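Asker: So that we are looking at the same thing, I have put the structure below in C-alpha cells.
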Amino acid sequence: MNDDLTPDATGNDDLTRDATGNDDLTRDATGSSRRAVLKAGVVGAATVGLTVTGLAGAQEPAAALTLTPSCTDGDDTPRNIEGPFFKPNSPLRTDLVTGGVTGVLLNLTGRVYNLRCQPVAGALLDFWQADSRGAYDNRTFTLRGHQFSAADGTFRLNTIVPKDYPGRTIHIHVKVQARNGPVLTTQLFFPDNTRAYGMNVRALNARDRYINRECTITLGPPGANRYDGTFDFVIRVA
Ligand SMILES: [Fe+2]
C-alpha cells in the first residue's frame with residue numbers, strides 16, 4: 001500500500017495530479033532539468049574530493065556525495081507530493097519533541113533563500129512527519145509544527161528521525177512559503193547511511209518512488225541517539 005498516492009482531503013491540486021500522473025514531477029525526479037545537469041557536474045567534483053580524502057586514509061561516508069539544493073544553481077527547491085496526511089493549523093513551534101515523542105533526535109537547521117541567494121525572512125515553514133514507528137498522528141498535532149524563518153533566513157527544527165512506512169522511505173514533509181509567495185510543498189530525505197531504528201535506509205531509498213536526492217538532508221556523524229542536519233530551501237518569493 002502506498003499512502004502517499006491517495007489524494008488528500010483538500011482535493012486535487014497540481015501536486016496530486018503530478019503524483020498520480022506523469023508529468024513535471026517525474027521529469028524532476030528523473031533529472032532531465034538544467035538543475036540536474038548542473039548537479040551532475042557538482043557530483044563529479046565531489047567524487048574527486050572523496051577520492052582524495054580516501055587516499056589520505058579517511059573513510060568518508062557515502063552521504064558526502066549527497067547534495068543539498070543550492071541557491072547558486074539558479075533553480076528553486078524541487079517540489080514533491082503532499083501525501084494524504086497534511087493537516088492545516090499546526091501549532092507554532094520549532095520543537096516537535098513533545099511529550100511521548102521518542103526516537104533518534106534530529107536537530108535540523110538551515111536557511112531559506114530566494115532565487116537570487118538572498119535570505120528570506122519571515123518565510124513560513126510547516127513541517128509534518130511520521131514518528132519512530134512510521135505512524136502519523138492524524139488526530140492531534142504530534143510531530144507537526146510551523147515556524148517562520150528569522151531575519152537572516154535561518155530556521156531550526158528540533159525533531160526525530162522518522163521511521164519508514166509501507167511504500168515509503170523515510171522523509172519529512174514541509175511546506176515553505178514567503179510572505180505573499182507561492183507555496184512550495186516538498187519532502188526532505190535522508191542519506192543512505194542514516195542509522196536509526198535498525199532501518200536499511202539505502203534499500204528504502206532505492207525503492208522509493210518519490211525520492212528526490214536533491215532534497216536530501218546533510219547529516220553530521222551520528223551522535224548519542226541524535227543527529228545534526230542541515231538543509232537550505234530556495235523558494236520563489238512572488
Ligand atoms: Fe509521508
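Ordering of the C-alpha cells sets the chain letters (A, B, ...); residue numbers start at 1 within each chain; ligands are numbered from 1 in the order shown.
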Compile the contact shell of stretch 126-139 of chain A as a list in words: residues with an atom at most 8 Å away, counting only C-alpha atoms, same-chain residues fewer than 3 positions apart removed.
Answerer: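 Near stretch 126-139 of chain A, the qualifying residues are Phe85, Phe86, Lys87, Ser90, Val101, Thr102, Gly103, Val104, Thr142, Leu143, Arg144, Gly145, His146, Gln147, Ile160, Val161, Pro162, Lys163, Asp164, Tyr165, His171, Ile172, His173, Val174, Lys175, Val176 and Tyr197 of chain A.
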Asker: By how many Å are atom CA of A:Val183 and atom CA of A:Ile170 apart?
Answerer: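 So the answer is 22.4 Å.
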Asker: A:Ala121, A:Leu188, A:Val97, A:Leu92: which is nearest ligand 1, counting only C-alpha atoms and all ligand atoms?
Answerer: A:Leu188
Asker: Need the shell around A:Cys117: protein/DNA/RNA residues with any atom at most 6 Å away, counting only C-alpha atoms. Skip same-chain ones fewer than 3 positions apart. Format as a PyMOL selection string?
Answerer: chain A and resi 71+113-114
Asker: List every residue of stretch 54-163 of chain A that DSSP, applied to the backbone of this structure, places in strand (DSSP E), and write the result as a PyMOL selection string.
Answerer: chain A and resi 105-113+124-129+144-148+154-160
Asker: Go ahead and save the picked residues with N, CA and C atoms, as a short mmCIF file (atom, residue, chain, number, x, y, z; two decimals), in the first residue's frame.
Answerer:
```cif
data_model
loop_
_atom_site.label_atom_id
_atom_site.label_comp_id
_atom_site.auth_asym_id
_atom_site.auth_seq_id
_atom_site.Cartn_x
_atom_site.Cartn_y
_atom_site.Cartn_z
N LEU A 105 17.02 11.65 17.86
CA LEU A 105 16.78 13.10 17.77
C LEU A 105 17.45 13.68 16.53
N LEU A 106 16.80 14.65 15.95
CA LEU A 106 17.34 15.34 14.78
C LEU A 106 17.21 16.84 15.00
N ASN A 107 18.35 17.51 14.99
CA ASN A 107 18.37 18.96 15.08
C ASN A 107 18.65 19.48 13.67
N LEU A 108 17.61 19.92 13.02
CA LEU A 108 17.72 20.35 11.62
C LEU A 108 17.78 21.87 11.55
N THR A 109 18.80 22.36 10.90
CA THR A 109 18.93 23.80 10.73
C THR A 109 19.16 24.12 9.26
N GLY A 110 18.95 25.36 8.91
CA GLY A 110 19.19 25.76 7.53
C GLY A 110 18.68 27.16 7.29
N ARG A 111 18.65 27.51 6.03
CA ARG A 111 18.19 28.84 5.64
C ARG A 111 17.19 28.74 4.51
N VAL A 112 16.40 29.76 4.41
CA VAL A 112 15.51 29.92 3.28
C VAL A 112 16.06 31.05 2.41
N TYR A 113 16.30 30.73 1.14
CA TYR A 113 16.83 31.70 0.20
C TYR A 113 15.83 31.95 -0.92
N LEU A 124 7.20 31.15 6.00
CA LEU A 124 6.51 30.09 6.74
C LEU A 124 7.10 28.74 6.40
N LEU A 125 7.42 27.96 7.42
CA LEU A 125 7.84 26.57 7.23
C LEU A 125 6.93 25.70 8.08
N ASP A 126 6.21 24.82 7.43
CA ASP A 126 5.24 23.96 8.13
C ASP A 126 5.68 22.51 7.93
N PHE A 127 6.11 21.87 9.01
CA PHE A 127 6.66 20.51 8.93
C PHE A 127 5.64 19.50 9.47
N TRP A 128 5.63 18.32 8.87
CA TRP A 128 4.88 17.19 9.45
C TRP A 128 5.55 15.89 9.03
N GLN A 129 5.48 14.91 9.92
CA GLN A 129 6.25 13.68 9.67
C GLN A 129 5.70 12.51 10.47
N ARG A 144 4.03 17.75 14.31
CA ARG A 144 3.59 18.75 13.35
C ARG A 144 3.86 20.13 13.95
N GLY A 145 4.30 21.05 13.14
CA GLY A 145 4.51 22.39 13.66
C GLY A 145 4.93 23.34 12.56
N HIS A 146 4.57 24.60 12.74
CA HIS A 146 5.04 25.60 11.78
C HIS A 146 5.86 26.66 12.50
N GLN A 147 6.65 27.34 11.73
CA GLN A 147 7.52 28.40 12.26
C GLN A 147 7.80 29.38 11.13
N PHE A 148 8.50 30.47 11.47
CA PHE A 148 8.85 31.47 10.47
C PHE A 148 10.36 31.68 10.49
N THR A 154 17.28 32.05 8.61
CA THR A 154 17.54 30.75 9.24
C THR A 154 16.28 30.18 9.89
N PHE A 155 16.32 28.86 10.02
CA PHE A 155 15.28 28.15 10.78
C PHE A 155 15.95 27.04 11.57
N ARG A 156 15.28 26.54 12.56
CA ARG A 156 15.78 25.42 13.37
C ARG A 156 14.59 24.55 13.74
N LEU A 157 14.72 23.27 13.47
CA LEU A 157 13.67 22.32 13.81
C LEU A 157 14.24 21.24 14.70
N ASN A 158 13.65 21.08 15.86
CA ASN A 158 14.05 20.03 16.77
C ASN A 158 13.03 18.91 16.64
N THR A 159 13.49 17.78 16.13
CA THR A 159 12.54 16.70 15.87
C THR A 159 13.23 15.35 16.02
N ILE A 160 12.65 14.31 15.45
CA ILE A 160 13.28 12.99 15.44
C ILE A 160 13.39 12.51 14.00
#
```
Asker: Residues at most 6 Å from A:Thr216, counting only C-alpha atoms, excluding those fewer than 2 positions away in the same chain, as a ChimeraX atom specification?
Answerer: /A:68,188-190,213-214
Asker: Would you save the residues of that selection, restricted to N, CA and C atoms, as a short mmCIF file (atom, residue, chain, number, x, y, z; two decimals), in the first residue's frame?
Answerer:
```cif
data_model
loop_
_atom_site.label_atom_id
_atom_site.label_comp_id
_atom_site.auth_asym_id
_atom_site.auth_seq_id
_atom_site.Cartn_x
_atom_site.Cartn_y
_atom_site.Cartn_z
N THR A 68 22.72 19.06 -1.21
CA THR A 68 21.55 19.85 -0.89
C THR A 68 21.35 20.87 -1.99
N LEU A 188 11.74 16.19 2.54
CA LEU A 188 13.18 16.07 2.78
C LEU A 188 13.51 14.59 3.03
N PHE A 189 14.61 14.17 2.45
CA PHE A 189 15.02 12.76 2.55
C PHE A 189 16.32 12.65 3.35
N PHE A 190 16.73 11.42 3.59
CA PHE A 190 17.89 11.15 4.44
C PHE A 190 18.95 10.38 3.65
N ARG A 213 16.78 12.93 -4.61
CA ARG A 213 18.05 13.04 -3.87
C ARG A 213 18.52 14.48 -3.71
N GLU A 214 17.99 15.36 -4.55
CA GLU A 214 18.35 16.76 -4.38
C GLU A 214 17.80 17.33 -3.07
#
```
Asker: For atom CA of A:Pro221 and atom CA of A:Val201, determine how far apart the two atoms are, in Å to one decimal place.
Answerer: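 One can read the atom CA of A:Pro221 to atom CA of A:Val201 distance as 15.3 Å.
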Asker: When you count only C-alpha atoms and all ligand atoms, which of these residues is closest to ligand 1: A:Thr169, A:Asn200, A:Asn193, A:Thr77?
Answerer: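 Of A:Thr169, A:Asn200, A:Asn193, A:Thr77, the one nearest ligand 1, counting only C-alpha atoms and all ligand atoms, is A:Thr169.
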Asker: Determine the nearest neighbour of ligand 1 from the options A:Asn225, A:Thr140, A:Thr186, A:Thr98, counting only C-alpha atoms and all ligand atoms.
Answerer: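 Among the listed residues, A:Thr186 lies closest to ligand 1.
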Asker: How many Å separate atom CA of A:Pro91 from atom CA of A:Gln177?
Answerer: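 Computing the Euclidean distance for atom CA of A:Pro91 and atom CA of A:Gln177 yields 16.3 Å.
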Asker: Could you check which of A:Gly83, A:Pro88, A:Gly153, A:Pro78 is closest to ligand 1, using only C-alpha atoms and all ligand atoms?
Answerer: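 Smallest separation from ligand 1 among the options: A:Gly83.
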Asker: Using only C-alpha atoms and all ligand atoms, can you tell me which of A:Pro119, A:Pro166, A:Gly198, A:Gly100 comes closest to ligand 1?
Answerer: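 Nearest to ligand 1: A:Pro166.
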Asker: Using DSSP on the backbone, list every residue of stretch 113-206 of chain A that comes out as alpha helix (DSSP H), and give them as number ranges by chain.
Answerer: A: 201-206
Asker: Taking into account only C-alpha atoms and all ligand atoms, which residue in the set A:Gly181, A:Gly122, A:Pro84, A:Gly229 is nearest to ligand 1?
Answerer: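 Distance minimum relative to ligand 1 lands on A:Pro84.
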